[in-house]
$ cat run.cif   # mmCIF, C-alpha atoms
data_coords
#
loop_
_atom_site.group_PDB
_atom_site.id
_atom_site.type_symbol
_atom_site.label_atom_id
_atom_site.label_comp_id
_atom_site.auth_asym_id
_atom_site.auth_seq_id
_atom_site.Cartn_x
_atom_site.Cartn_y
_atom_site.Cartn_z
ATOM 1 C CA MET A 259 91.816 155.054 107.724
ATOM 2 C CA GLY A 260 88.846 152.644 107.496
ATOM 3 C CA LYS A 261 85.950 151.774 109.730
ATOM 4 C CA SER A 262 88.240 149.939 112.130
ATOM 5 C CA SER A 263 89.889 153.202 113.248
ATOM 6 C CA VAL A 264 88.325 155.684 115.682
ATOM 7 C CA TYR A 265 89.613 158.220 118.191
ATOM 8 C CA PHE A 266 89.557 158.169 121.979
ATOM 9 C CA LYS A 267 90.390 161.666 123.226
ATOM 10 C CA ASP A 268 93.283 162.605 120.926
ATOM 11 C CA TRP A 269 94.525 159.034 120.557
ATOM 12 C CA LEU A 270 94.017 156.689 117.622
ATOM 13 C CA VAL A 271 92.196 153.405 118.231
ATOM 14 C CA ARG A 272 92.520 150.773 115.541
ATOM 15 C CA ASP A 273 92.523 147.049 114.873
ATOM 16 C CA TYR A 274 95.664 144.955 114.895
ATOM 17 C CA ARG A 275 97.720 145.042 111.701
ATOM 18 C CA GLU A 276 100.405 142.630 110.577
ATOM 19 C CA GLY A 277 103.623 143.466 112.393
ATOM 20 C CA ASP A 278 101.991 145.187 115.384
ATOM 21 C CA GLU A 279 103.083 142.273 117.552
ATOM 22 C CA ILE A 280 106.520 143.908 117.796
ATOM 23 C CA GLU A 281 105.084 146.943 119.600
ATOM 24 C CA ILE A 282 102.673 144.730 121.542
ATOM 25 C CA SER A 283 105.594 142.740 122.952
ATOM 26 C CA LYS A 284 107.380 145.957 123.921
ATOM 27 C CA LEU A 285 104.310 147.250 125.777
ATOM 28 C CA PHE A 286 103.917 143.867 127.462
ATOM 29 C CA LYS A 287 107.440 144.115 128.860
ATOM 30 C CA ILE A 288 106.826 147.656 130.135
ATOM 31 C CA VAL A 289 103.538 146.700 131.839
ATOM 32 C CA PHE A 290 104.306 143.211 133.157
ATOM 33 C CA LYS A 291 108.108 143.404 133.490
ATOM 34 C CA LYS A 292 108.624 140.189 131.534
ATOM 35 C CA GLU A 293 109.134 139.069 127.968
ATOM 36 C CA LEU A 294 106.398 138.080 125.529
ATOM 37 C CA SER A 295 108.001 135.984 122.825
ATOM 38 C CA LEU A 296 106.744 136.520 119.310
ATOM 39 C CA ALA A 297 106.401 132.765 118.866
ATOM 40 C CA PHE A 298 104.116 132.620 121.898
ATOM 41 C CA TRP A 299 102.110 135.596 120.655
ATOM 42 C CA ARG A 300 101.566 133.996 117.234
ATOM 43 C CA TRP A 301 100.595 130.695 118.849
ATOM 44 C CA ARG A 302 98.069 132.372 121.098
ATOM 45 C CA PHE A 303 96.475 134.842 118.669
ATOM 46 C CA LYS A 304 97.015 133.437 115.172
ATOM 47 C CA ASP A 305 97.248 129.657 115.498
ATOM 48 C CA ASN A 306 94.249 129.216 117.823
ATOM 49 C CA PRO A 307 92.096 126.415 116.281
ATOM 50 C CA ASP A 308 88.900 128.414 116.911
ATOM 51 C CA GLY A 309 90.102 131.439 114.926
ATOM 52 C CA VAL A 310 92.343 134.508 115.087
ATOM 53 C CA GLY A 311 92.150 136.983 117.944
ATOM 54 C CA ILE A 312 90.350 140.314 118.021
ATOM 55 C CA ILE A 313 92.754 143.040 119.119
ATOM 56 C CA LYS A 314 92.180 146.760 119.626
ATOM 57 C CA LEU A 315 95.214 149.034 119.981
ATOM 58 C CA LEU A 316 95.502 152.630 121.193
ATOM 59 C CA PHE A 317 98.280 154.892 119.890
ATOM 60 C CA ASP A 318 99.560 158.276 121.008
ATOM 61 C CA ARG A 319 101.143 159.199 117.670
ATOM 62 C CA ASP A 320 103.527 156.289 117.033
ATOM 63 C CA ASN A 321 103.555 155.015 120.623
ATOM 64 C CA LEU A 322 101.369 152.073 121.597
ATOM 65 C CA ILE A 323 99.755 152.986 124.926
ATOM 66 C CA GLY A 324 96.791 150.596 125.226
ATOM 67 C CA HIS A 325 95.827 147.047 124.258
ATOM 68 C CA TYR A 326 92.854 144.760 124.773
ATOM 69 C CA SER A 327 92.256 141.418 123.094
ATOM 70 C CA VAL A 328 90.100 138.315 123.020
ATOM 71 C CA ILE A 329 90.445 135.015 121.213
ATOM 72 C CA PRO A 330 87.529 132.968 119.849
ATOM 73 C CA ARG A 331 86.574 129.927 121.841
ATOM 74 C CA LEU A 332 83.897 127.301 121.316
ATOM 75 C CA VAL A 333 82.138 126.491 124.575
ATOM 76 C CA GLN A 334 79.806 123.557 125.085
ATOM 77 C CA ILE A 335 76.639 124.697 126.852
ATOM 78 C CA GLY A 336 74.296 121.814 127.475
ATOM 79 C CA LYS A 337 73.973 119.845 124.245
ATOM 80 C CA SER A 338 75.268 122.526 121.878
ATOM 81 C CA GLU A 339 78.444 124.484 121.207
ATOM 82 C CA LYS A 340 78.383 128.282 121.238
ATOM 83 C CA LYS A 341 80.846 130.776 119.771
ATOM 84 C CA CYS A 342 82.291 132.822 122.622
ATOM 85 C CA ALA A 343 85.306 135.013 123.294
ATOM 86 C CA PHE A 344 87.998 134.437 125.878
ATOM 87 C CA SER A 345 89.266 137.679 127.415
ATOM 88 C CA MET A 346 93.016 137.975 127.108
ATOM 89 C CA THR A 347 95.711 140.567 127.710
ATOM 90 C CA THR A 348 94.703 144.010 128.991
ATOM 91 C CA MET A 349 97.484 146.599 128.966
ATOM 92 C CA THR A 350 97.736 150.339 129.576
ATOM 93 C CA HIS A 351 101.086 152.120 129.503
ATOM 94 C CA PRO A 352 101.993 153.284 133.045
ATOM 95 C CA ASN A 353 102.139 156.914 131.909
ATOM 96 C CA TYR A 354 98.508 156.803 130.753
ATOM 97 C CA GLN A 355 96.782 155.081 133.677
ATOM 98 C CA LYS A 356 93.349 156.065 135.065
ATOM 99 C CA GLN A 357 92.093 157.747 131.898
ATOM 100 C CA GLY A 358 89.475 155.166 130.880
ATOM 101 C CA ILE A 359 91.641 153.446 128.274
ATOM 102 C CA PHE A 360 90.972 149.867 129.397
ATOM 103 C CA THR A 361 87.204 150.377 129.509
ATOM 104 C CA PHE A 362 87.043 152.070 126.113
ATOM 105 C CA LEU A 363 89.146 149.425 124.356
ATOM 106 C CA ALA A 364 87.163 146.596 125.947
ATOM 107 C CA ARG A 365 83.863 148.077 124.762
ATOM 108 C CA GLU A 366 85.268 148.465 121.242
ATOM 109 C CA VAL A 367 86.312 144.801 121.257
ATOM 110 C CA TYR A 368 82.915 143.689 122.590
ATOM 111 C CA LYS A 369 81.165 145.540 119.745
ATOM 112 C CA VAL A 370 83.128 143.443 117.266
ATOM 113 C CA CYS A 371 82.408 140.268 119.230
ATOM 114 C CA LYS A 372 78.675 140.974 119.142
ATOM 115 C CA ASP A 373 78.764 141.813 115.431
ATOM 116 C CA VAL A 374 80.390 138.480 114.562
ATOM 117 C CA GLY A 375 77.946 136.511 116.693
ATOM 118 C CA TYR A 376 79.811 135.658 119.870
ATOM 119 C CA ASN A 377 77.466 134.788 122.735
ATOM 120 C CA PHE A 378 79.541 136.048 125.659
ATOM 121 C CA VAL A 379 83.007 137.083 126.760
ATOM 122 C CA TYR A 380 84.532 135.223 129.697
ATOM 123 C CA GLY A 381 87.843 135.087 131.477
ATOM 124 C CA PHE A 382 89.911 135.328 134.612
ATOM 125 C CA PRO A 383 90.456 138.956 135.681
ATOM 126 C CA ASN A 384 93.457 139.601 137.887
ATOM 127 C CA ARG A 385 93.551 141.781 140.982
ATOM 128 C CA ASN A 386 94.240 144.944 138.981
ATOM 129 C CA SER A 387 91.472 144.538 136.395
ATOM 130 C CA TYR A 388 88.784 142.757 138.438
ATOM 131 C CA HIS A 389 86.893 145.870 139.592
ATOM 132 C CA GLY A 390 86.961 147.397 136.104
ATOM 133 C CA PHE A 391 85.446 144.287 134.553
ATOM 134 C CA VAL A 392 82.633 144.236 137.123
ATOM 135 C CA SER A 393 81.828 147.929 137.603
ATOM 136 C CA ARG A 394 82.394 149.234 134.070
ATOM 137 C CA LEU A 395 81.952 146.292 131.710
ATOM 138 C CA GLY A 396 79.007 144.479 133.239
ATOM 139 C CA TRP A 397 80.778 141.257 134.155
ATOM 140 C CA LYS A 398 78.796 139.142 136.593
ATOM 141 C CA ASP A 399 79.146 136.006 138.678
ATOM 142 C CA THR A 400 82.749 137.020 139.123
ATOM 143 C CA VAL A 401 83.982 134.734 141.871
ATOM 144 C CA LEU A 402 87.247 133.579 143.344
ATOM 145 C CA ILE A 403 88.644 130.341 141.975
ATOM 146 C CA ASN A 404 89.379 127.599 144.494
ATOM 147 C CA LYS A 405 92.823 126.020 144.321
ATOM 148 C CA ILE A 406 93.561 122.645 145.899
ATOM 149 C CA TYR A 407 97.046 121.476 146.796
ATOM 150 C CA LYS A 408 98.881 118.486 148.212
ATOM 151 C CA LEU A 409 102.276 118.062 149.842
ATOM 152 C CA LEU A 410 103.935 114.925 148.531
ATOM 153 C CA LYS A 411 106.040 112.805 150.852
ATOM 154 C CA LYS A 412 107.765 109.965 149.107
ATOM 155 C CA ASN A 413 107.345 107.454 151.894
ATOM 156 C CA ARG A 414 103.641 108.274 152.199
ATOM 157 C CA VAL A 415 102.665 108.223 148.530
ATOM 158 C CA ASN A 416 101.381 104.993 147.051
ATOM 159 C CA LEU A 417 103.058 104.709 143.665
ATOM 160 C CA GLN A 418 101.453 101.358 142.848
ATOM 161 C CA LYS A 419 99.006 101.812 139.980
ATOM 162 C CA ASN A 420 95.733 99.922 139.997
ATOM 163 C CA THR A 421 94.042 99.150 136.687
ATOM 164 C CA GLY A 422 94.602 99.781 133.005
ATOM 165 C CA ASP A 423 97.656 101.279 131.317
ATOM 166 C CA VAL A 424 98.914 104.810 131.866
ATOM 167 C CA TYR A 425 101.633 106.023 129.563
ATOM 168 C CA GLU A 426 103.176 109.236 128.387
ATOM 169 C CA ILE A 427 102.202 110.665 125.003
ATOM 170 C CA SER A 428 103.819 113.316 122.838
ATOM 171 C CA GLU A 429 100.542 114.402 121.226
ATOM 172 C CA PHE A 430 96.849 113.573 121.231
ATOM 173 C CA ASP A 431 95.478 111.407 118.400
ATOM 174 C CA ASP A 432 92.012 110.650 117.030
ATOM 175 C CA ASP A 433 91.213 108.379 119.994
ATOM 176 C CA ILE A 434 90.859 111.476 122.177
ATOM 177 C CA ASN A 435 87.931 112.656 120.042
ATOM 178 C CA LEU A 436 86.167 109.344 120.634
ATOM 179 C CA PHE A 437 86.832 109.714 124.354
ATOM 180 C CA TRP A 438 85.544 113.284 124.361
ATOM 181 C CA ARG A 439 82.292 112.277 122.667
ATOM 182 C CA ARG A 440 81.761 109.580 125.304
ATOM 183 C CA VAL A 441 82.227 111.863 128.321
ATOM 184 C CA ARG A 442 81.036 115.277 127.101
ATOM 185 C CA ASP A 443 77.493 114.871 128.455
ATOM 186 C CA GLU A 444 78.872 114.730 132.011
ATOM 187 C CA TYR A 445 79.659 118.460 131.817
ATOM 188 C CA ARG A 446 77.141 121.286 131.575
ATOM 189 C CA ILE A 447 79.566 123.987 130.429
ATOM 190 C CA ILE A 448 83.058 123.157 129.219
ATOM 191 C CA VAL A 449 85.563 124.042 126.527
ATOM 192 C CA PRO A 450 85.504 120.904 124.333
ATOM 193 C CA ARG A 451 88.577 118.775 124.918
ATOM 194 C CA THR A 452 89.077 117.766 121.299
ATOM 195 C CA LYS A 453 92.241 116.609 119.586
ATOM 196 C CA ASP A 454 92.728 119.988 117.882
ATOM 197 C CA TYR A 455 92.239 121.966 121.082
ATOM 198 C CA LEU A 456 94.449 119.755 123.265
ATOM 199 C CA ASN A 457 97.301 119.652 120.763
ATOM 200 C CA TRP A 458 97.164 123.417 120.327
ATOM 201 C CA ARG A 459 97.012 123.986 124.073
ATOM 202 C CA PHE A 460 99.626 121.474 125.247
ATOM 203 C CA VAL A 461 101.767 120.433 122.267
ATOM 204 C CA ASP A 462 102.119 123.517 120.075
ATOM 205 C CA ASN A 463 102.820 125.973 122.915
ATOM 206 C CA PRO A 464 106.355 127.205 122.130
ATOM 207 C CA ASP A 465 107.235 128.342 125.653
ATOM 208 C CA ILE A 466 105.996 125.619 128.005
ATOM 209 C CA ASP A 467 106.804 121.911 128.168
ATOM 210 C CA TYR A 468 103.824 119.904 129.437
ATOM 211 C CA LYS A 469 103.932 116.293 130.538
ATOM 212 C CA LYS A 470 100.958 114.384 129.152
ATOM 213 C CA TYR A 471 99.680 110.990 130.332
ATOM 214 C CA ILE A 472 96.799 108.992 128.949
ATOM 215 C CA PHE A 473 94.871 106.108 130.533
ATOM 216 C CA MET A 474 93.802 103.215 128.294
ATOM 217 C CA ARG A 475 91.970 99.965 128.917
ATOM 218 C CA LYS A 476 91.306 97.462 126.146
ATOM 219 C CA ASN A 477 92.468 99.950 123.523
ATOM 220 C CA GLU A 478 90.012 102.568 124.756
ATOM 221 C CA VAL A 479 90.996 105.955 126.140
ATOM 222 C CA LEU A 480 89.373 106.504 129.539
ATOM 223 C CA GLY A 481 91.199 109.625 130.674
ATOM 224 C CA TYR A 482 94.209 111.904 130.492
ATOM 225 C CA ILE A 483 96.178 114.249 132.742
ATOM 226 C CA VAL A 484 98.491 117.163 131.876
ATOM 227 C CA LEU A 485 101.276 118.284 134.211
ATOM 228 C CA LYS A 486 103.644 121.214 134.418
ATOM 229 C CA ILE A 487 106.670 122.107 136.525
ATOM 230 C CA TYR A 488 107.060 125.774 137.424
ATOM 231 C CA ASN A 489 109.497 128.065 139.207
ATOM 232 C CA ALA A 490 107.975 131.120 140.873
ATOM 233 C CA ASN A 491 109.620 133.356 143.466
ATOM 234 C CA ARG A 492 112.374 130.778 143.926
ATOM 235 C CA VAL A 493 109.780 128.108 144.707
ATOM 236 C CA LYS A 494 109.587 125.023 142.506
ATOM 237 C CA GLY A 495 106.241 123.267 142.279
ATOM 238 C CA GLY A 496 103.957 121.218 140.114
ATOM 239 C CA HIS A 497 100.596 121.908 138.507
ATOM 240 C CA ILE A 498 97.969 119.452 137.415
ATOM 241 C CA VAL A 499 96.961 121.730 134.559
ATOM 242 C CA ASP A 500 94.169 119.567 133.160
ATOM 243 C CA ILE A 501 92.437 116.283 133.854
ATOM 244 C CA LEU A 502 89.478 114.597 132.205
ATOM 245 C CA SER A 503 88.301 111.089 132.887
ATOM 246 C CA ALA A 504 85.523 108.600 132.546
ATOM 247 C CA LYS A 505 83.513 108.541 135.752
ATOM 248 C CA GLU A 506 85.649 105.827 137.319
ATOM 249 C CA ASN A 507 87.575 106.437 140.521
ATOM 250 C CA ASP A 508 90.357 104.014 139.565
ATOM 251 C CA VAL A 509 91.104 105.915 136.372
ATOM 252 C CA VAL A 510 91.528 109.192 138.253
ATOM 253 C CA ARG A 511 93.634 107.548 140.959
ATOM 254 C CA ASP A 512 95.942 105.930 138.397
ATOM 255 C CA LEU A 513 96.465 109.262 136.655
ATOM 256 C CA LEU A 514 97.192 110.930 139.998
ATOM 257 C CA VAL A 515 99.669 108.190 140.938
ATOM 258 C CA HIS A 516 101.616 108.812 137.753
ATOM 259 C CA SER A 517 101.619 112.517 138.410
ATOM 260 C CA TYR A 518 103.014 111.917 141.922
ATOM 261 C CA GLY A 519 105.773 109.764 140.473
ATOM 262 C CA TYR A 520 106.706 112.357 137.877
ATOM 263 C CA PHE A 521 106.831 115.201 140.389
ATOM 264 C CA LEU A 522 108.782 113.239 142.991
ATOM 265 C CA GLN A 523 111.336 112.216 140.347
ATOM 266 C CA ASN A 524 111.850 115.933 139.756
ATOM 267 C CA SER A 525 112.214 116.705 143.496
ATOM 268 C CA ILE A 526 108.826 118.409 143.701
ATOM 269 C CA ASN A 527 106.608 117.890 146.714
ATOM 270 C CA TYR A 528 104.073 120.705 146.279
ATOM 271 C CA VAL A 529 101.322 120.025 143.728
ATOM 272 C CA SER A 530 98.272 122.182 143.018
ATOM 273 C CA CYS A 531 95.348 122.409 140.622
ATOM 274 C CA TRP A 532 91.859 123.859 140.227
ATOM 275 C CA MET A 533 88.847 121.695 140.962
ATOM 276 C CA GLN A 534 85.274 122.669 141.779
ATOM 277 C CA LYS A 535 83.372 120.859 144.467
ATOM 278 C CA GLY A 536 80.553 119.829 142.146
ATOM 279 C CA TYR A 537 82.511 117.263 140.133
ATOM 280 C CA PHE A 538 83.265 113.659 141.086
ATOM 281 C CA TYR A 539 87.006 114.325 140.885
ATOM 282 C CA ASN A 540 86.810 116.501 143.979
ATOM 283 C CA ASP A 541 85.936 113.626 146.330
ATOM 284 C CA ILE A 542 88.904 111.647 145.010
ATOM 285 C CA PHE A 543 91.273 114.585 145.389
ATOM 286 C CA GLU A 544 90.079 115.079 148.972
ATOM 287 C CA GLU A 545 90.626 111.400 149.741
ATOM 288 C CA GLU A 546 94.111 111.766 148.279
ATOM 289 C CA GLY A 547 94.864 114.511 150.793
ATOM 290 C CA PHE A 548 94.429 117.653 148.706
ATOM 291 C CA ILE A 549 93.548 120.774 150.714
ATOM 292 C CA ARG A 550 91.298 123.566 149.418
ATOM 293 C CA GLN A 551 92.118 127.256 149.552
ATOM 294 C CA GLU A 552 91.063 130.427 147.741
ATOM 295 C CA GLU A 553 93.562 132.245 145.559
ATOM 296 C CA GLU A 554 93.348 135.659 143.974
ATOM 297 C CA THR A 555 92.068 134.516 140.605
ATOM 298 C CA TRP A 556 88.548 135.517 139.583
ATOM 299 C CA PHE A 557 86.275 134.020 136.981
ATOM 300 C CA GLY A 558 83.348 135.725 135.275
ATOM 301 C CA HIS A 559 81.652 136.684 132.033
ATOM 302 C CA THR A 560 79.528 139.304 130.313
ATOM 303 C CA LEU A 561 76.646 138.379 128.019
ATOM 304 C CA LEU A 562 76.488 139.545 124.420
ATOM 305 C CA ALA A 563 73.547 137.439 123.218
ATOM 306 C CA LYS A 564 70.045 137.316 124.633
ATOM 307 C CA GLU A 565 69.933 135.761 128.090
ATOM 308 C CA GLU A 566 67.553 132.999 126.995
ATOM 309 C CA ASP A 567 69.936 131.949 124.212
ATOM 310 C CA ILE A 568 72.654 130.949 126.664
ATOM 311 C CA SER A 569 70.892 129.941 129.849
ATOM 312 C CA ASP A 570 72.742 128.059 132.579
ATOM 313 C CA THR A 571 75.946 130.075 132.352
ATOM 314 C CA ASN A 572 75.391 132.001 135.537
ATOM 315 C CA THR A 573 77.139 130.122 138.306
ATOM 316 C CA LEU A 574 80.665 128.841 138.688
ATOM 317 C CA ASN A 575 79.476 125.307 139.424
ATOM 318 C CA ASP A 576 77.878 125.139 135.965
ATOM 319 C CA TRP A 577 81.383 125.275 134.471
ATOM 320 C CA TYR A 578 84.113 122.678 134.426
ATOM 321 C CA LEU A 579 87.266 124.748 134.824
ATOM 322 C CA THR A 580 90.863 123.665 135.195
ATOM 323 C CA MET A 581 94.092 125.611 134.913
ATOM 324 C CA ALA A 582 94.028 124.708 131.211
ATOM 325 C CA ASP A 583 91.190 127.179 130.734
ATOM 326 C CA SER A 584 93.344 130.072 131.948
ATOM 327 C CA ASP A 585 95.898 131.867 129.794
ATOM 328 C CA VAL A 586 98.404 131.859 132.654
ATOM 329 C CA TYR A 587 99.238 128.189 133.260
#
$ encode --input "run.cif" --output "structure tokens"
Amino acid sequence: MGKSSVYFKDWLVRDYREGDEIEISKLFKIVFKKELSLAFWRWRFKDNPDGVGIIKLLFDRDNLIGHYSVIPRLVQIGKSEKKCAFSMTTMTHPNYQKQGIFTFLAREVYKVCKDVGYNFVYGFPNRNSYHGFVSRLGWKDTVLINKIYKLLKKNRVNLQKNTGDVYEISEFDDDINLFWRRVRDEYRIIVPRTKDYLNWRFVDNPDIDYKKYIFMRKNEVLGYIVLKIYNANRVKGGHIVDILSAKENDVVRDLLVHSYGYFLQNSINYVSCWMQKGYFYNDIFEEEGFIRQEEETWFGHTLLAKEEDISDTNTLNDWYLTMADSDVY
């Protein structure tokens, strides 16, 4: 059976094995009432540029009844990059609820994370799992994410761009690594926006089509923006999933102008994104008419390394977070 297999009550707990994704997708449909494509699963857990996922599964005989997973993620903290784990899908079969399955599987995963040297686990608990993460798994600084939104009105939106060239790209090239190295010191804690990460996140995703714009001036990348159109509950809207820019207001405004144009061309007048108050983008978004509101998405983390090894991770404003950092958008 191997060291990776243990028992919880009378149920077998073991690591993921090749082919388990079939049963994982079936459990996903039972729990979330929607499909999990195998292509998406492989992209998320096997093709991740920072490494393959860690997955613990719980079986009642041949039936998969519980699942918890993380994927590796490099996180820049200050001047260095730390190996961390991003908390992913938590699932318990409806017939086995309230028996401690989620907590047990999470602790088993965290043991592996600590053994392989991850510094902390972080993520975005939903309404159902939030209290379990905090009360049973030691997550802290778990706070509500602020969403900002804007209603676009064609006759009130200035679609005249200002400076530089903004154009659509199909993928990110080596210039984005140069850009990232120039701007990275502006952010205390951030998932590095490298070529490999951005292409995995926004180009290789098999289920979602993202619109990607890049700002250049004199053959130098000064910023990018990533957009997405969604349909939810019969409402069609737009997300600014990610944005990163040199600290120049005109660059941000030009990227926003192109996003307005794209959304209006697709008959979308509701646009939203995540943006903390502590970053210079926020003032520009406010001037552009974006309105702030809380939504039921939490952010938090639990430490695995010594506190002094990863200082400055303790407040939301230390992080630069966009929808790109979530596994939902």
$ residues_around --input "run.cif" --residues "Glu426 (chain A)" --least-positions-apart "4" --cutoff "7 Å" --atoms "all atoms listed in the file" --output "NGL selection string"
:A and (470-472)
$ closest_residue --input "run.cif" --among "A:Tyr518, A:Tyr539, A:Trp269, A:Phe290" --to "Lys411 (chain A)" --atoms "all atoms listed in the file"
A:Tyr518
$ resolve_selection --input "run.cif" --expression "the PyMOL selection byres ((chain A and resi 579) around 8)" --output "CSV table (one decimal) with C-alpha atoms, keeping the file's coordinate frame"
chain,number,residue,atom,x,y,z
A,448,ILE,CA,83.1,123.2,129.2
A,532,TRP,CA,91.9,123.9,140.2
A,533,MET,CA,88.8,121.7,141.0
A,534,GLN,CA,85.3,122.7,141.8
A,577,TRP,CA,81.4,125.3,134.5
A,578,TYR,CA,84.1,122.7,134.4
A,580,THR,CA,90.9,123.7,135.2
A,581,MET,CA,94.1,125.6,134.9
A,582,ALA,CA,94.0,124.7,131.2
A,583,ASP,CA,91.2,127.2,130.7
$ resolve_selection --input "run.cif" --expression "the PyMOL selection byres ((chain A and resi 550) around 12)" --output "MDAnalysis selection string"
chainID A and resid 403:408 530:535 540:541 543:544 547:549 551:553
$ closest_atom_pairs --input "run.cif" --of "region 507-555 of chain A" --to "region 479-498 of chain A" --cutoff "10 Å" --atoms "all atoms listed in the file" --output "tab-separated table"
residue	atom	partner	partner_atom	distance
A:Val509	CA	A:Gly481	CA	6.8
A:Val510	CA	A:Gly481	CA	7.6
A:Asp512	CA	A:Gly481	CA	9.8
A:Leu513	CA	A:Ile483	CA	6.3
A:Leu514	CA	A:Ile483	CA	8.0
A:His516	CA	A:Ile483	CA	9.2
A:Ser517	CA	A:Leu485	CA	7.1
A:Tyr518	CA	A:Gly496	CA	9.5
A:Tyr520	CA	A:Leu485	CA	8.8
A:Phe521	CA	A:Gly496	CA	6.7
A:Leu522	CA	A:Gly496	CA	9.8
A:Asn524	CA	A:Ile487	CA	8.7
A:Ser525	CA	A:Lys494	CA	8.8
A:Ile526	CA	A:Gly495	CA	5.7
A:Asn527	CA	A:Gly495	CA	7.0
A:Tyr528	CA	A:Gly495	CA	5.2
A:Val529	CA	A:Gly496	CA	4.6
A:Ser530	CA	A:His497	CA	5.1
A:Cys531	CA	A:Ile498	CA	5.1
A:Trp532	CA	A:Ile498	CA	8.0
$ residues_near_point --input "run.cif" --point "(91.3, 141.2, 124.8)" --cutoff "9 Å" --atoms "all atoms listed in the file" --output "PyMOL selection string"
chain A and resi 311-314+325-329+343-348+363-364+367
$ atom_distance --input "run.cif" --atom1 "CA of Arg275 (chain A)" --atom2 "CA of Lys369 (chain A)"
18.4 Å
